[in-house]
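The data block below is target.pdb; it holds PDB, C-alpha atoms.
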```pdb
ATOM      1  CA  SER A   1     246.952 -25.772 105.082
ATOM      2  CA  PRO A   2     247.545 -28.339 107.841
ATOM      3  CA  LEU A   3     247.781 -25.454 110.329
ATOM      4  CA  ASP A   4     244.368 -24.092 109.346
ATOM      5  CA  ILE A   5     242.266 -27.167 110.097
ATOM      6  CA  GLY A   6     239.786 -27.036 112.951
ATOM      7  CA  PRO A   7     237.950 -24.352 114.875
ATOM      8  CA  ARG A   8     238.517 -20.758 113.845
ATOM      9  CA  ALA A   9     240.418 -18.547 116.295
ATOM     10  CA  GLY A  10     237.303 -16.464 116.897
ATOM     11  CA  ASP A  11     235.314 -19.499 118.039
ATOM     12  CA  ALA A  12     237.026 -19.345 121.444
ATOM     13  CA  PRO A  13     236.103 -16.672 124.003
ATOM     14  CA  VAL A  14     238.266 -13.555 124.057
ATOM     15  CA  ALA A  15     240.853 -13.406 126.843
ATOM     16  CA  ALA A  16     240.296  -9.726 127.714
ATOM     17  CA  ALA A  17     243.570  -9.205 129.584
ATOM     18  CA  LEU A  18     245.580 -10.627 126.682
ATOM     19  CA  ALA A  19     243.591  -8.603 124.150
ATOM     20  CA  ALA A  20     244.424  -5.442 126.111
ATOM     21  CA  GLN A  21     248.125  -6.332 125.814
ATOM     22  CA  GLY A  22     247.753  -7.096 122.112
ATOM     23  CA  GLU A  23     246.543  -3.689 120.958
ATOM     24  CA  PRO A  24     249.663  -1.707 121.970
ATOM     25  CA  LEU A  25     251.898  -4.533 120.697
ATOM     26  CA  PHE A  26     250.188  -4.476 117.303
ATOM     27  CA  LYS A  27     250.855  -0.740 117.053
ATOM     28  CA  ALA A  28     254.363  -0.711 118.578
ATOM     29  CA  LYS A  29     255.737  -3.587 116.500
ATOM     30  CA  GLY A  30     255.007  -1.812 113.241
ATOM     31  CA  CYS A  31     252.163  -4.074 112.118
ATOM     32  CA  THR A  32     250.085  -1.008 111.254
ATOM     33  CA  ALA A  33     252.514  -0.140 108.458
ATOM     34  CA  CYS A  34     251.014  -2.972 106.377
ATOM     35  CA  HIS A  35     247.794  -3.988 108.156
ATOM     36  CA  ALA A  36     244.592  -2.281 109.222
ATOM     37  CA  TYR A  37     241.248  -3.488 110.505
ATOM     38  CA  GLY A  38     238.473  -2.886 108.007
ATOM     39  CA  LYS A  39     240.798  -1.593 105.304
ATOM     40  CA  ARG A  40     243.315  -3.156 102.949
ATOM     41  CA  LEU A  41     246.761  -1.582 103.055
ATOM     42  CA  THR A  42     249.842  -3.187 101.526
ATOM     43  CA  GLY A  43     248.918  -6.330 103.490
ATOM     44  CA  PRO A  44     245.565  -8.062 103.976
ATOM     45  CA  ASP A  45     242.645  -6.404 105.770
ATOM     46  CA  LEU A  46     242.486  -8.044 109.183
ATOM     47  CA  LYS A  47     238.728  -7.634 109.645
ATOM     48  CA  GLY A  48     237.312 -11.118 110.117
ATOM     49  CA  VAL A  49     240.716 -12.812 110.238
ATOM     50  CA  THR A  50     239.785 -14.751 113.390
ATOM     51  CA  ARG A  51     236.781 -16.125 111.514
ATOM     52  CA  ARG A  52     238.880 -17.143 108.517
ATOM     53  CA  ARG A  53     241.907 -18.692 110.248
ATOM     54  CA  THR A  54     242.799 -20.899 113.185
ATOM     55  CA  ALA A  55     244.785 -19.500 116.100
ATOM     56  CA  GLN A  56     247.570 -21.958 115.269
ATOM     57  CA  TRP A  57     247.894 -20.700 111.690
ATOM     58  CA  MET A  58     247.807 -17.062 112.799
ATOM     59  CA  GLU A  59     250.453 -17.621 115.469
ATOM     60  CA  GLN A  60     252.813 -19.357 113.061
ATOM     61  CA  GLN A  61     252.268 -16.638 110.443
ATOM     62  CA  ILE A  62     253.126 -13.952 113.016
ATOM     63  CA  LEU A  63     256.121 -15.793 114.483
ATOM     64  CA  HIS A  64     257.616 -17.387 111.359
ATOM     65  CA  PRO A  65     256.376 -15.629 108.205
ATOM     66  CA  GLU A  66     259.564 -16.436 106.279
ATOM     67  CA  ILE A  67     259.088 -20.171 106.944
ATOM     68  CA  MET A  68     255.334 -20.076 106.380
ATOM     69  CA  VAL A  69     255.682 -18.550 102.897
ATOM     70  CA  LYS A  70     257.920 -21.474 101.920
ATOM     71  CA  GLN A  71     255.905 -24.267 103.545
ATOM     72  CA  ASP A  72     252.270 -23.188 103.923
ATOM     73  CA  PRO A  73     249.894 -23.008 100.938
ATOM     74  CA  LEU A  74     247.748 -20.218 102.437
ATOM     75  CA  SER A  75     250.788 -18.106 103.189
ATOM     76  CA  ARG A  76     252.053 -18.648  99.631
ATOM     77  CA  GLU A  77     248.650 -17.569  98.262
ATOM     78  CA  LEU A  78     248.797 -14.371 100.314
ATOM     79  CA  PHE A  79     252.337 -13.703  99.123
ATOM     80  CA  ALA A  80     251.234 -14.171  95.512
ATOM     81  CA  GLU A  81     248.218 -11.894  95.956
ATOM     82  CA  TYR A  82     250.001  -9.072  97.797
ATOM     83  CA  ASN A  83     253.474  -9.565  96.300
ATOM     84  CA  LEU A  84     254.891  -8.771  99.716
ATOM     85  CA  GLN A  85     256.653 -10.943 102.287
ATOM     86  CA  MET A  86     255.336 -10.400 105.800
ATOM     87  CA  ALA A  87     258.152  -9.167 108.025
ATOM     88  CA  ASN A  88     259.241 -11.118 111.073
ATOM     89  CA  GLN A  89     258.851  -8.644 113.918
ATOM     90  CA  GLY A  90     260.608 -10.865 116.455
ATOM     91  CA  LEU A  91     257.582 -11.396 118.654
ATOM     92  CA  THR A  92     257.465 -14.019 121.377
ATOM     93  CA  PRO A  93     254.744 -16.687 121.363
ATOM     94  CA  ASP A  94     253.002 -14.859 124.227
ATOM     95  CA  GLU A  95     253.058 -11.595 122.278
ATOM     96  CA  ALA A  96     251.643 -13.339 119.203
ATOM     97  CA  LYS A  97     248.850 -14.826 121.313
ATOM     98  CA  ALA A  98     248.056 -11.354 122.728
ATOM     99  CA  ILE A  99     247.792  -9.893 119.225
ATOM    100  CA  ILE A 100     245.501 -12.745 118.154
ATOM    101  CA  GLU A 101     243.284 -12.043 121.178
ATOM    102  CA  TYR A 102     243.173  -8.381 120.139
ATOM    103  CA  PHE A 103     241.996  -9.434 116.662
ATOM    104  CA  LYS A 104     239.368 -11.704 118.265
ATOM    105  CA  LYS A 105     238.121  -8.759 120.331
ATOM    106  CA  LEU A 106     237.869  -6.541 117.229
ATOM    107  CA  ASP A 107     235.999  -9.255 115.318
ATOM    108  CA  GLN A 108     233.641  -9.857 118.233
ATOM    109  CA  GLU A 109     232.912  -6.124 118.479
ATOM    110  CA  ALA A 110     232.315  -5.926 114.710
ATOM    111  CA  GLU A 111     229.908  -8.883 114.930
ATOM    112  CA  ALA A 112     228.016  -7.206 117.783
ATOM    113  CA  LYS A 113     227.595  -4.076 115.626
ATOM    114  CA  GLY A 114     226.449  -6.158 112.653
ATOM    115  CA  GLU A 115     229.554  -5.181 110.669
ATOM    116  CA  LEU A 116     230.787  -8.746 110.434
ATOM    117  CA  ALA A 117     228.585 -11.781 109.963
ATOM    118  CA  ALA A 118     228.755 -14.001 113.030
ATOM    119  CA  GLN A 119     230.005 -17.467 112.160
ATOM    120  CA  LYS A 120     228.570 -20.465 113.959
TER     121      LYS A 120
END
```
Show me this structure written as structure tokens.
Amino acid sequence: SPLDIGPRAGDAPVAAALAAQGEPLFKAKGCTACHAYGKRLTGPDLKGVTRRRTAQWMEQQILHPEIMVKQDPLSRELFAEYNLQMANQGLTPDEAKAIIEYFKKLDQEAEAKGELAAQK
């Protein structure tokens, strides 16, 4: 995917204030209906997502999932695997960035506990 080239989202330091905004957004926007951290639901397990994907790819997937599934090979692969189209929750770019920071925080905490292999 052209959007998934370069440093992984989790390579950058966590913006704590944004991460704090991201957690309630993730829950309030209904993301938890399909996604969990450390567990597969109807959508992919999000544990380690910031080590697998770039921030740019994640933001576009959050903001424009209906476009991504048509144009992005990774998004198409996920659609084929889960047989489920990610819903567009109408988030703003700032809200998407806050949710990504929340995921970075979770991944960083999991790495610190030895639950997720640190990537260098």
If the PyMOL selection byres ((chain A and resi 23-25) around 9) is run on the structure shown, which residues does it catch, given as an MDAnalysis selection string?
chainID A and resid 19:22 26:31 95:96 98:99 101:103
For this structure, which residues satisfy the selection - the PyMOL selection byres ((chain A and resi 52) around 9) - when it is evaluated on the file as given? I want them as an mmCIF file with C-alpha atoms, in the coordinates of the input.
```
data_model
loop_
_atom_site.group_PDB
_atom_site.id
_atom_site.type_symbol
_atom_site.label_atom_id
_atom_site.label_comp_id
_atom_site.auth_asym_id
_atom_site.auth_seq_id
_atom_site.Cartn_x
_atom_site.Cartn_y
_atom_site.Cartn_z
ATOM 1 C CA ASP A 4 244.368 -24.092 109.346
ATOM 2 C CA ARG A 8 238.517 -20.758 113.845
ATOM 3 C CA ALA A 9 240.418 -18.547 116.295
ATOM 4 C CA GLY A 10 237.303 -16.464 116.897
ATOM 5 C CA GLY A 48 237.312 -11.118 110.117
ATOM 6 C CA VAL A 49 240.716 -12.812 110.238
ATOM 7 C CA THR A 50 239.785 -14.751 113.390
ATOM 8 C CA ARG A 51 236.781 -16.125 111.514
ATOM 9 C CA ARG A 53 241.907 -18.692 110.248
ATOM 10 C CA THR A 54 242.799 -20.899 113.185
#
```
Calculated over only C-alpha atoms, which of the candidates A:Ile5, A:Pro44, A:Lys97, A:Ala15 has the smallest distance to A:Asn83?
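Closest to A:Asn83 of all the choices is A:Pro44.
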Selection result for the PyMOL selection byres ((chain A and resi 65) around 12) on this file, as a list in words
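When the PyMOL selection byres ((chain A and resi 65) around 12) is applied, the selected residues are Trp57, Met58, Glu59, Gln60, Gln61, Ile62, Leu63, His64, Glu66, Ile67, Met68, Val69, Lys70, Gln71, Asp72, Leu74, Ser75, Arg76, Leu78, Phe79, Leu84, Gln85, Met86, Ala87, Asn88, Gln89, Gly90 and Leu91 of chain A.
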Straight-line distance linking atom CA of A:Leu106 with atom CA of A:Asp94, stated in Å to one decimal
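Going from atom CA of A:Leu106 over to atom CA of A:Asp94 covers 18.6 Å.
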Between atom CA of A:Val14 and atom CA of A:Lys105, what is the spacing in Å?
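Rounded to one decimal, the two atoms are 6.1 Å apart.
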